[in-house]
$ cat run_32.cif   # mmCIF, C-alpha atoms
data_work
loop_
_atom_site.label_atom_id
_atom_site.label_comp_id
_atom_site.auth_asym_id
_atom_site.auth_seq_id
_atom_site.Cartn_x
_atom_site.Cartn_y
_atom_site.Cartn_z
CA MET A 1260 94.13 85.70 -41.10
CA ARG A 1261 92.50 83.29 -38.71
CA TRP A 1262 94.83 84.07 -35.82
CA ILE A 1263 94.06 87.74 -35.81
CA ARG A 1264 90.36 87.15 -36.14
CA SER A 1265 90.35 84.78 -33.24
CA ILE A 1266 92.10 87.27 -30.99
CA ARG A 1267 89.77 89.99 -32.14
CA ALA A 1268 86.76 87.78 -31.64
CA SER A 1269 87.75 87.11 -28.07
CA SER A 1270 88.02 90.80 -27.29
CA GLY A 1271 84.87 91.62 -29.25
CA ARG A 1272 82.85 89.03 -27.42
CA THR A 1273 83.57 90.55 -24.04
CA MET A 1274 82.54 93.91 -25.38
CA ALA A 1275 79.05 92.65 -26.10
CA GLU A 1276 78.72 90.93 -22.77
CA LYS A 1277 78.79 92.70 -19.48
CA ARG A 1278 82.40 93.45 -18.76
CA ALA A 1279 83.91 90.83 -16.51
CA ASP A 1280 86.10 93.19 -14.53
CA GLY A 1281 83.66 96.12 -14.52
CA ARG A 1282 85.96 98.54 -16.28
CA MET A 1283 84.63 101.10 -18.71
CA ARG A 1284 85.52 100.53 -22.35
CA LEU A 1285 87.23 103.30 -24.23
CA THR A 1286 87.41 103.32 -28.01
CA LEU A 1287 90.07 105.54 -29.45
CA LEU A 1288 89.39 107.12 -32.84
CA GLY A 1289 92.42 108.71 -34.42
CA GLY A 1290 93.73 109.73 -37.80
CA PHE A 1291 95.55 112.58 -39.44
CA LEU A 1292 94.14 116.08 -39.80
CA GLY A 1293 91.16 116.00 -42.15
CA SER A 1294 91.20 112.24 -42.51
CA GLY A 1295 87.44 111.98 -41.97
CA LYS A 1296 87.26 110.93 -38.32
CA THR A 1297 84.18 112.97 -37.46
CA THR A 1298 82.36 112.03 -40.66
CA TRP A 1299 82.96 108.37 -40.00
CA LEU A 1300 81.96 108.57 -36.36
CA ARG A 1301 78.84 110.55 -37.23
CA HIS A 1302 77.69 107.87 -39.61
CA GLN A 1303 78.54 105.08 -37.18
CA LEU A 1304 76.50 106.76 -34.44
CA HIS A 1305 73.65 107.25 -36.87
CA ALA A 1306 73.82 103.55 -37.78
CA GLY A 1307 73.63 102.60 -34.12
CA ALA A 1308 77.23 101.69 -33.36
CA PHE A 1309 78.57 102.43 -29.88
CA PRO A 1310 75.14 102.39 -28.18
CA GLY A 1311 74.91 104.62 -25.13
CA ALA A 1312 78.45 105.82 -25.59
CA HIS A 1313 79.70 109.07 -24.22
CA VAL A 1314 81.63 110.81 -26.98
CA ILE A 1315 84.62 113.00 -26.19
CA VAL A 1316 85.91 115.14 -29.02
CA ASN A 1317 89.38 116.57 -28.69
CA GLU A 1318 90.26 119.50 -30.87
CA ALA A 1319 93.62 121.15 -31.09
CA ALA A 1320 92.01 124.47 -31.97
CA GLU A 1321 90.40 126.77 -29.44
CA THR A 1322 87.06 126.91 -31.27
CA PRO A 1323 85.38 123.53 -31.49
CA VAL A 1324 83.34 122.66 -34.58
CA ASP A 1325 83.09 118.89 -34.68
CA ASP A 1326 80.70 118.54 -31.78
CA ALA A 1327 77.99 120.33 -33.74
CA LEU A 1328 78.14 117.52 -36.29
CA LEU A 1329 77.82 114.72 -33.79
CA SER A 1330 74.34 115.40 -32.50
CA ARG A 1331 73.42 111.69 -32.58
CA ALA A 1332 75.68 110.78 -29.68
CA ALA A 1333 74.00 109.89 -26.38
CA SER A 1334 76.14 112.50 -24.70
CA ILE A 1335 79.01 114.52 -25.98
CA GLU A 1336 81.77 116.59 -24.53
CA VAL A 1337 84.49 118.71 -26.08
CA LEU A 1338 88.07 118.98 -24.96
CA ALA A 1339 89.35 121.97 -26.90
CA GLY A 1340 92.45 124.09 -26.89
CA GLY A 1341 95.17 121.52 -27.32
CA CYS A 1342 95.90 117.98 -28.36
CA ALA A 1343 95.09 115.31 -25.77
CA CYS A 1344 98.44 113.61 -26.16
CA CYS A 1345 100.49 116.68 -25.24
CA GLU A 1346 99.15 120.09 -24.11
CA GLN A 1347 95.77 118.81 -23.02
CA ARG A 1348 96.98 115.55 -21.55
CA ALA A 1349 96.19 116.72 -18.04
CA GLY A 1350 92.81 117.96 -19.26
CA LEU A 1351 92.01 114.55 -20.73
CA VAL A 1352 92.99 112.77 -17.53
CA THR A 1353 90.84 115.13 -15.44
CA LEU A 1354 87.90 114.65 -17.77
CA LEU A 1355 88.17 110.86 -17.74
CA ARG A 1356 88.57 110.81 -13.97
CA ARG A 1357 85.39 112.81 -13.61
CA LEU A 1358 83.57 110.33 -15.87
CA CYS A 1359 84.83 107.40 -13.81
CA ASP A 1360 83.77 109.17 -10.66
CA LEU A 1361 80.26 109.84 -11.96
CA ARG A 1362 80.01 106.27 -13.13
CA SER A 1363 80.98 104.90 -9.72
CA ARG A 1364 78.23 106.96 -8.14
CA THR A 1365 75.52 105.64 -10.45
CA ALA A 1366 72.81 103.94 -8.42
CA SER A 1367 72.40 100.23 -9.05
CA GLY A 1368 69.04 100.62 -10.82
CA GLU A 1369 70.23 103.18 -13.34
CA THR A 1370 72.12 102.47 -16.52
CA ARG A 1371 75.79 102.86 -16.05
CA LEU A 1372 78.02 104.42 -18.61
CA ASP A 1373 79.91 101.52 -20.13
CA GLN A 1374 81.40 103.00 -23.24
CA VAL A 1375 83.37 106.07 -24.13
CA VAL A 1376 84.50 107.03 -27.60
CA LEU A 1377 87.40 109.46 -27.72
CA GLU A 1378 87.90 111.21 -31.03
CA THR A 1379 91.41 112.56 -30.90
CA SER A 1380 92.67 115.63 -32.68
CA GLY A 1381 94.46 115.03 -35.97
CA LEU A 1382 97.75 115.75 -34.26
CA ALA A 1383 97.48 113.11 -31.57
CA ASP A 1384 99.66 110.05 -31.29
CA PRO A 1385 97.31 107.28 -30.06
CA SER A 1386 100.07 105.48 -28.18
CA ARG A 1387 100.69 108.55 -26.03
CA ILE A 1388 97.04 108.70 -25.07
CA LEU A 1389 97.13 105.01 -24.17
CA ASP A 1390 100.15 105.82 -22.06
CA ALA A 1391 98.38 108.63 -20.25
CA ILE A 1392 95.60 106.24 -19.25
CA ARG A 1393 97.91 103.40 -18.37
CA THR A 1394 100.12 105.44 -16.07
CA ASP A 1395 97.31 107.16 -14.21
CA PRO A 1396 96.78 105.36 -10.90
CA MET A 1397 93.03 105.89 -10.98
CA LEU A 1398 92.17 105.50 -14.65
CA VAL A 1399 94.04 102.24 -15.05
CA HIS A 1400 91.57 100.56 -12.71
CA HIS A 1401 88.48 102.04 -14.35
CA ILE A 1402 89.17 102.13 -18.06
CA VAL A 1403 90.12 99.46 -20.52
CA VAL A 1404 91.02 100.59 -24.01
CA GLY A 1405 89.03 98.37 -26.33
CA GLU A 1406 90.03 99.27 -29.81
CA THR A 1407 92.12 101.85 -31.58
CA ILE A 1408 90.51 102.89 -34.84
CA VAL A 1409 92.50 105.06 -37.22
CA CYS A 1410 91.13 106.80 -40.30
CA VAL A 1411 93.36 107.12 -43.33
CA ASP A 1412 92.50 109.51 -46.10
CA ALA A 1413 92.34 107.74 -49.48
CA LEU A 1414 93.45 110.91 -51.26
CA HIS A 1415 96.27 112.19 -49.08
CA GLY A 1416 96.94 109.19 -46.85
CA LEU A 1417 99.87 107.89 -48.86
CA ALA A 1418 101.65 111.23 -48.91
CA GLN A 1419 101.14 111.55 -45.16
CA LEU A 1420 102.57 108.09 -44.53
CA VAL A 1421 105.61 108.94 -46.60
CA ALA A 1422 106.33 112.36 -45.18
CA GLU A 1423 104.78 112.60 -41.72
CA PRO A 1424 106.22 110.62 -38.82
CA LEU A 1425 102.97 111.25 -36.98
CA GLY A 1426 100.85 109.81 -39.80
CA ARG A 1427 102.96 106.68 -39.69
CA ARG A 1428 102.77 106.33 -35.92
CA GLN A 1429 98.99 106.66 -36.06
CA ALA A 1430 98.71 103.92 -38.68
CA GLU A 1431 101.04 101.67 -36.71
CA ALA A 1432 99.03 102.00 -33.51
CA ALA A 1433 95.71 100.97 -35.08
CA ASP A 1434 93.70 97.81 -34.50
CA ARG A 1435 91.36 98.81 -37.29
CA LEU A 1436 92.23 101.08 -40.20
CA ILE A 1437 89.41 102.87 -42.01
CA VAL A 1438 90.29 104.09 -45.49
CA THR A 1439 87.97 107.07 -45.94
CA LYS A 1440 86.88 109.12 -48.97
CA LEU A 1441 86.98 106.00 -51.15
CA ASP A 1442 84.48 107.50 -53.59
CA GLU A 1443 86.88 110.28 -54.50
CA ALA A 1444 90.06 108.29 -55.04
CA ASP A 1445 91.28 106.40 -58.08
CA ALA A 1446 91.89 102.67 -58.03
CA ALA A 1447 95.62 102.64 -58.80
CA GLY A 1448 96.54 104.85 -55.88
CA LEU A 1449 94.26 102.87 -53.58
CA GLY A 1450 96.04 99.58 -54.22
CA ARG A 1451 99.31 101.24 -53.36
CA LEU A 1452 97.87 102.75 -50.21
CA ALA A 1453 96.44 99.40 -49.13
CA ALA A 1454 99.77 97.66 -49.73
CA THR A 1455 101.63 100.35 -47.79
CA LEU A 1456 99.22 100.08 -44.88
CA GLN A 1457 99.63 96.33 -44.84
CA ALA A 1458 103.41 96.70 -44.77
CA LEU A 1459 103.21 99.24 -41.95
CA ASN A 1460 100.69 97.46 -39.78
CA PRO A 1461 100.18 93.87 -40.91
CA GLY A 1462 98.00 93.06 -37.91
CA ALA A 1463 95.26 95.63 -38.43
CA ALA A 1464 91.94 95.01 -40.11
CA VAL A 1465 91.34 97.34 -43.05
CA GLU A 1466 87.89 98.70 -43.83
CA GLY A 1467 86.68 101.23 -46.34
CA ALA A 1468 84.26 104.10 -46.06
CA ALA A 1469 82.82 106.85 -48.22
CA LYS A 1470 81.16 109.78 -46.45
CA GLY A 1471 80.98 107.54 -43.42
CA SER A 1472 79.08 104.63 -44.94
CA PRO A 1473 80.98 101.37 -45.24
CA MET A 1474 82.47 100.32 -48.57
CA ALA A 1475 84.62 97.40 -49.61
CA PRO A 1476 88.20 98.13 -48.57
CA PRO A 1477 90.77 98.62 -51.33
CA SER A 1478 92.64 95.48 -52.26
CA ALA A 1479 96.39 95.32 -51.94
CA ALA A 1480 96.64 92.52 -54.46
CA GLY A 1481 99.19 93.16 -57.16
CA ALA A 1482 100.27 96.51 -55.75
CA SER A 1483 103.64 97.08 -54.20
CA PRO A 1484 103.96 99.21 -51.08
CA GLU A 1485 105.35 102.70 -51.39
CA PRO A 1486 108.97 102.70 -50.21
CA LEU A 1487 108.90 104.57 -46.92
CA PRO A 1488 111.99 106.67 -46.31
CA ALA A 1489 113.49 106.51 -42.84
CA LEU A 1490 112.31 109.47 -40.84
CA ASP A 1491 114.48 109.05 -37.80
CA GLY A 1492 117.80 108.59 -39.55
CA ARG A 1493 117.68 104.80 -39.43
CA THR A 1494 116.91 102.50 -42.29
CA ALA A 1495 113.35 101.32 -42.13
CA ALA A 1496 113.41 97.54 -42.24
CA PRO A 1497 110.15 95.88 -43.24
CA ILE A 1498 107.68 95.19 -40.45
CA PHE A 1499 106.48 91.63 -40.12
CA PRO A 1500 104.33 89.64 -37.72
CA THR A 1501 105.63 86.65 -35.80
CA ARG A 1502 103.29 84.24 -34.15
CA LEU A 1503 104.62 82.56 -31.05
CA GLU A 1504 102.80 79.47 -29.90
CA LEU A 1505 103.73 79.00 -26.30
CA SER A 1506 103.95 75.48 -24.93
CA ASP A 1507 101.15 74.17 -22.72
CA GLU A 1508 102.83 74.65 -19.37
CA ILE A 1509 103.42 78.35 -19.97
CA ASP A 1510 105.29 80.06 -17.16
CA TRP A 1511 103.54 83.43 -17.10
CA THR A 1512 105.99 85.02 -14.66
CA ALA A 1513 109.06 84.12 -16.68
CA PHE A 1514 107.27 85.16 -19.84
CA GLY A 1515 106.47 88.55 -18.28
CA VAL A 1516 110.09 89.09 -17.33
CA TRP A 1517 111.12 88.32 -20.90
CA LEU A 1518 108.51 90.51 -22.55
CA SER A 1519 109.16 93.46 -20.25
CA ALA A 1520 112.88 93.25 -21.04
CA LEU A 1521 112.17 92.94 -24.75
CA LEU A 1522 109.92 95.98 -24.77
CA HIS A 1523 112.40 97.97 -22.72
CA ALA A 1524 115.31 97.18 -25.03
CA ARG A 1525 113.47 97.01 -28.36
CA GLY A 1526 110.40 99.18 -27.80
CA ASP A 1527 111.01 101.12 -31.00
CA ASP A 1528 111.20 97.96 -33.08
CA VAL A 1529 108.56 95.82 -31.42
CA MET A 1530 105.50 97.79 -32.38
CA ARG A 1531 102.71 95.61 -31.26
CA VAL A 1532 102.23 92.55 -29.09
CA LYS A 1533 98.85 90.92 -28.89
CA GLY A 1534 97.55 87.64 -27.64
CA VAL A 1535 95.79 85.58 -25.03
CA VAL A 1536 97.82 83.82 -22.35
CA ARG A 1537 96.64 81.44 -19.66
CA THR A 1538 97.80 82.44 -16.19
CA PRO A 1539 96.95 81.34 -12.65
CA ALA A 1540 94.36 84.17 -12.58
CA GLY A 1541 92.64 83.13 -15.81
CA ARG A 1542 92.96 83.97 -19.49
CA LEU A 1543 94.63 87.32 -19.98
CA LEU A 1544 94.26 89.49 -23.05
CA LEU A 1545 97.67 91.01 -23.51
CA GLN A 1546 98.14 94.11 -25.65
CA SER A 1547 100.99 96.52 -26.12
CA VAL A 1548 101.76 99.43 -28.39
CA ARG A 1549 105.49 100.05 -28.49
CA ARG A 1550 106.69 100.36 -24.89
CA SER A 1551 103.32 100.73 -23.33
CA VAL A 1552 101.48 97.64 -22.13
CA GLN A 1553 97.89 97.97 -21.13
CA ALA A 1554 96.86 96.42 -17.81
CA PRO A 1555 95.77 93.01 -19.14
CA GLU A 1556 92.08 92.14 -19.09
CA VAL A 1557 90.94 88.86 -17.60
CA LEU A 1558 88.74 87.13 -20.17
CA PRO A 1559 85.99 84.69 -19.27
CA PRO A 1560 87.03 81.05 -19.63
CA GLN A 1561 86.30 79.56 -23.01
CA ALA A 1562 87.16 76.17 -24.34
CA GLU A 1563 88.59 75.57 -27.79
CA ARG A 1564 90.18 78.94 -28.22
CA GLU A 1565 93.58 79.66 -29.61
CA ASP A 1566 95.13 80.47 -26.27
CA ASP A 1567 98.77 80.83 -25.41
CA THR A 1568 99.47 82.39 -28.76
CA ILE A 1569 101.19 85.73 -28.98
CA VAL A 1570 101.56 87.80 -32.10
CA VAL A 1571 104.56 90.10 -32.15
CA ILE A 1572 104.66 92.72 -34.90
CA GLY A 1573 107.91 94.52 -35.43
CA ARG A 1574 111.16 94.77 -37.33
CA GLY A 1575 114.89 94.62 -36.94
CA TYR A 1576 115.09 91.01 -35.73
CA ARG A 1577 114.36 87.54 -37.02
CA GLY A 1578 111.19 85.76 -35.94
CA GLU A 1579 113.21 82.72 -34.99
CA ASP A 1580 115.30 84.87 -32.64
CA LEU A 1581 112.22 85.57 -30.55
CA ARG A 1582 111.69 81.89 -29.94
CA ARG A 1583 115.32 81.22 -29.10
CA SER A 1584 115.55 84.18 -26.82
CA LEU A 1585 112.35 83.21 -25.05
CA GLU A 1586 113.77 79.77 -24.41
CA ARG A 1587 117.24 80.85 -23.31
CA PHE A 1588 116.20 83.94 -21.42
CA ALA A 1589 113.07 82.70 -19.70
CA GLY A 1590 113.04 78.96 -20.22
CA VAL A 1591 109.69 79.14 -22.02
CA ARG A 1592 109.35 76.77 -24.94
CA ALA A 1593 107.52 78.06 -27.98
CA ARG A 1594 107.05 77.61 -31.69
CA ALA A 1595 107.69 80.60 -33.93
CA ASP A 1596 105.78 81.07 -37.15
CA ILE A 1597 106.51 83.92 -39.50
CA SER A 1598 104.71 82.49 -42.49
CA ILE A 1599 101.27 83.68 -41.40
CA LEU A 1600 101.17 86.84 -43.44
CA ARG A 1601 102.32 85.21 -46.62
CA ALA A 1602 99.84 82.39 -46.16
CA ALA A 1603 96.99 84.80 -45.61
CA SER A 1604 97.60 87.20 -48.45
CA MET B 870 98.91 102.08 0.24
CA CYS B 871 101.50 101.35 2.91
CA SER B 872 101.88 104.52 4.96
CA ALA B 873 105.50 103.77 5.73
CA CYS B 874 106.92 103.22 2.29
CA GLY B 875 104.24 104.67 0.03
CA PHE B 876 103.88 101.43 -1.87
CA PRO B 877 102.01 100.91 -4.12
CA ALA B 878 101.18 104.45 -5.14
CA ALA B 879 101.34 103.58 -8.79
CA PRO B 880 99.14 100.92 -10.41
CA GLY B 881 100.70 97.48 -10.37
CA HIS B 882 102.99 96.42 -13.16
CA TRP B 883 101.12 94.65 -15.94
CA THR B 884 102.89 91.36 -15.22
CA GLU B 885 101.25 91.30 -11.78
CA THR B 886 97.79 90.82 -13.27
CA GLY B 887 98.28 87.12 -13.90
CA ASN B 888 98.24 86.14 -10.24
CA ALA B 889 95.09 86.63 -8.23
CA SER B 890 95.63 84.82 -4.93
CA PRO B 891 98.27 85.86 -2.37
CA THR B 892 99.93 82.46 -2.70
CA ASP B 893 100.22 82.82 -6.46
CA ARG B 894 101.58 86.33 -6.04
CA LEU B 895 104.30 85.27 -3.63
CA ARG B 896 105.19 82.28 -5.78
CA ALA B 897 105.37 84.58 -8.82
CA ARG B 898 107.71 86.95 -6.99
CA PHE B 899 110.13 84.15 -6.18
CA ARG B 900 109.95 82.82 -9.70
CA ARG B 901 110.48 86.33 -11.06
CA VAL B 902 113.63 86.89 -9.04
CA GLN B 903 114.87 83.45 -10.04
CA VAL B 904 114.63 84.39 -13.72
CA LEU B 905 116.13 87.83 -13.06
CA LYS B 906 119.07 86.28 -11.23
CA SER B 907 119.94 84.00 -14.08
CA VAL B 908 119.64 86.80 -16.64
CA LEU B 909 121.48 89.52 -14.71
CA LYS B 910 124.27 87.12 -13.75
CA GLU B 911 125.32 87.28 -17.39
CA PHE B 912 126.04 90.97 -16.90
CA GLY B 913 127.68 90.77 -13.47
CA LEU B 914 124.63 91.99 -11.58
CA ALA B 915 122.66 90.24 -8.87
CA ALA B 916 118.98 90.38 -7.97
CA HIS B 917 117.40 89.76 -4.57
CA ASP B 918 113.81 89.63 -3.48
CA ASP B 919 113.08 88.31 -0.02
CA GLY B 920 109.32 88.55 -0.35
CA LEU B 921 109.12 90.97 2.61
CA VAL B 922 109.93 94.41 1.24
CA PRO B 923 108.01 95.23 -1.92
CA ASP B 924 111.05 96.11 -4.01
CA ILE B 925 113.50 94.04 -5.98
CA GLN B 926 117.12 94.72 -5.05
CA ILE B 927 119.69 94.99 -7.81
CA ALA B 928 123.27 94.64 -6.60
CA THR B 929 126.51 95.23 -8.47
CA ALA B 930 129.67 93.21 -7.95
CA PHE B 931 130.98 96.03 -5.78
CA GLY B 932 128.07 95.70 -3.42
CA SER B 933 126.06 98.81 -4.18
CA ILE B 934 122.35 98.09 -4.07
CA THR B 935 119.55 99.79 -5.95
CA MET B 936 115.90 99.20 -5.17
CA ALA B 937 113.56 98.70 -8.11
CA ARG B 938 109.81 98.77 -7.69
CA ASP B 939 108.86 96.66 -10.67
CA LEU B 940 110.27 95.07 -13.79
CA ASP B 941 110.32 98.35 -15.72
CA GLU B 942 112.50 99.85 -13.02
CA VAL B 943 114.70 96.76 -12.98
CA TRP B 944 115.47 97.18 -16.69
CA CYS B 945 116.01 100.93 -16.31
CA THR B 946 118.37 100.35 -13.38
CA ALA B 947 120.26 97.66 -15.27
CA GLU B 948 120.59 99.94 -18.28
CA ARG B 949 121.96 102.73 -16.10
CA LEU B 950 124.45 100.43 -14.36
CA LEU B 951 125.60 98.67 -17.51
CA GLY B 952 125.51 101.54 -19.96
CA HIS B 953 123.29 99.55 -22.32
CA ALA B 954 119.90 97.88 -22.11
CA VAL B 955 119.56 94.20 -21.28
CA ASP B 956 118.42 92.97 -24.67
CA PRO B 957 116.76 89.55 -24.84
CA LEU B 958 117.78 89.46 -28.51
CA ASP B 959 121.45 89.80 -27.53
CA PRO B 960 123.42 86.97 -29.23
CA ARG B 961 124.26 85.51 -25.82
CA PHE B 962 120.58 84.65 -25.36
CA LEU B 963 120.11 83.29 -28.85
CA GLY B 964 122.74 80.57 -28.80
CA GLN B 965 122.79 77.84 -31.39
CA ASP B 966 120.30 75.16 -30.46
CA ASP B 967 118.31 72.68 -32.47
CA GLY B 968 116.93 75.60 -34.47
#
$ encode --input "run_32.cif" --output "structure tokens"
Amino acid sequence: MRWIRSIRASSGRTMAEKRADGRMRLTLLGGFLGSGKTTWLRHQLHAGAFPGAHVIVNEAAETPVDDALLSRAASIEVLAGGCACCEQRAGLVTLLRRLCDLRSRTASGETRLDQVVLETSGLADPSRILDAIRTDPMLVHHIVVGETIVCVDALHGLAQLVAEPLGRRQAEAADRLIVTKLDEADAAGLGRLAATLQALNPGAAVEGAAKGSPMAPPSAAGASPEPLPALDGRTAAPIFPTRLELSDEIDWTAFGVWLSALLHARGDDVMRVKGVVRTPAGRLLLQSVRRSVQAPEVLPPQAEREDDTIVVIGRGYRGEDLRRSLERFAGVRARADISILRAAS
Amino acid sequence: MCSACGFPAAPGHWTETGNASPTDRLRARFRRVQVLKSVLKEFGLAAHDDGLVPDIQIATAFGSITMARDLDEVWCTAERLLGHAVDPLDPRFLGQDDG
């Protein structure tokens, strides 16, 4: 999947460099209850991932436990007594605002906090947390959400995807899916889980882990995805990615009008939009999860990149319709390609 | 923030990120209303943006005007006035072209 890698590479590159727009990077770690989020994060911190990151652990329960396990973090904070996407939403916003405030006061010689990892409770819907940050007038200027990582339990993940709307929403919102507890699961079920995840979120990278240490991800080859019953009374059409190659003289304004209308009307169907578009202000990294669009990041200029390519992941329409609509609605010429997934797998 | 109208209290709409200079921003506003006009005309609505007040004005055929702060509000207003959302995947926008 070259197209996805190239988009990922462009966002990953800016992470390593000093951030161009000076915003703090937030990594969201989600996953269902008991899916192994803390175990995974603990190992990652031990292995040196997220250097210097401030870790925020959100727990739905009143008595926090997870923070005791994460002693390797540079600094850690607990947000207990409610899930950050609903009851503790205000608490999360206050906490993040305080972090931004402290960061702004850091003297120029000292190291500034550049990374925050938020481990959500197992009951959190990542897209609602993204929403809370996006709609806050202060946070939106200080925080950029880098990556949404979602852990999926190899043992119970499939059952959760079938029965729990929340489990499904978490998997759909991910940029990176970590299949945990691989050492305890059997191969047949794993193939099915991998195929189901690919059907749910074709754009996400899938990795494997056992007790936190990385393992080869399960292969979806030869396995058919578990039929997912409709949970909201509608028939669940298959989700597929469409790649739109915009013509050279892209009209960003008209494109924005089109995309905002599309997300408003079809926000439940268009699950993810991702891509890099050239605008008068520079290259913009565009990302949306359902109806919520993150304030786009301006990427440093780079030649020879796959710019002006948007990947739309969703269902309930034809890929070709997107191209036609874009042309009729906004006068933007594009080429639609829906064969990418089949070619890659 | 403008002390008279309270604009912009909220962060800018994501589509506003693509234009850094004031010239680009003004040009983008005129282009935006041009696209909105052609789209909303299909549904009997009109859009105005004179570049002076921050809002986009959405007018019905009967002359009532609603102010919308950004594109999200435009689509919400249109949905309220029309009784359905303006859907870019509506058959009227798909047409039958070269395919």
$ atom_distance --input "run_32.cif" --atom1 "atom CA of Asp1360 of chain A" --atom2 "atom CA of Gly887 of chain B"
26.6 Å
$ closest_residue --input "run_32.cif" --among "A:Ala1422, A:Val1570, A:Val1465, A:Leu1398" --to "chain B" --atoms "all atoms listed in the file"
A:Leu1398
$ resolve_selection --input "run_32.cif" --expression "the PyMOL selection byres ((chain B) within 7 of (chain A))" --output "number ranges by chain"
B: 879-880, 883-884, 886-889, 897, 900-901, 904, 908, 940-941, 944, 954-958, 962-963
$ resolve_selection --input "run_32.cif" --expression "the PyMOL selection byres ((chain A and resi 1466) around 8)" --output "list of chain:residue names"
A:Arg1435, A:Leu1436, A:Ile1437, A:Val1438, A:Ala1464, A:Val1465, A:Gly1467, A:Ala1468, A:Pro1473, A:Met1474, A:Ala1475, A:Pro1476
$ residues_around --input "run_32.cif" --residues "Cys1342 of chain A" --least-positions-apart "5" --cutoff "9 Å" --atoms "all atoms listed in the file" --output "list in words"
Asn1317, Glu1318, Ala1319, Ala1320, Gln1347, Arg1348, Thr1379, Ser1380, Gly1381, Leu1382 and Ala1383 of chain A
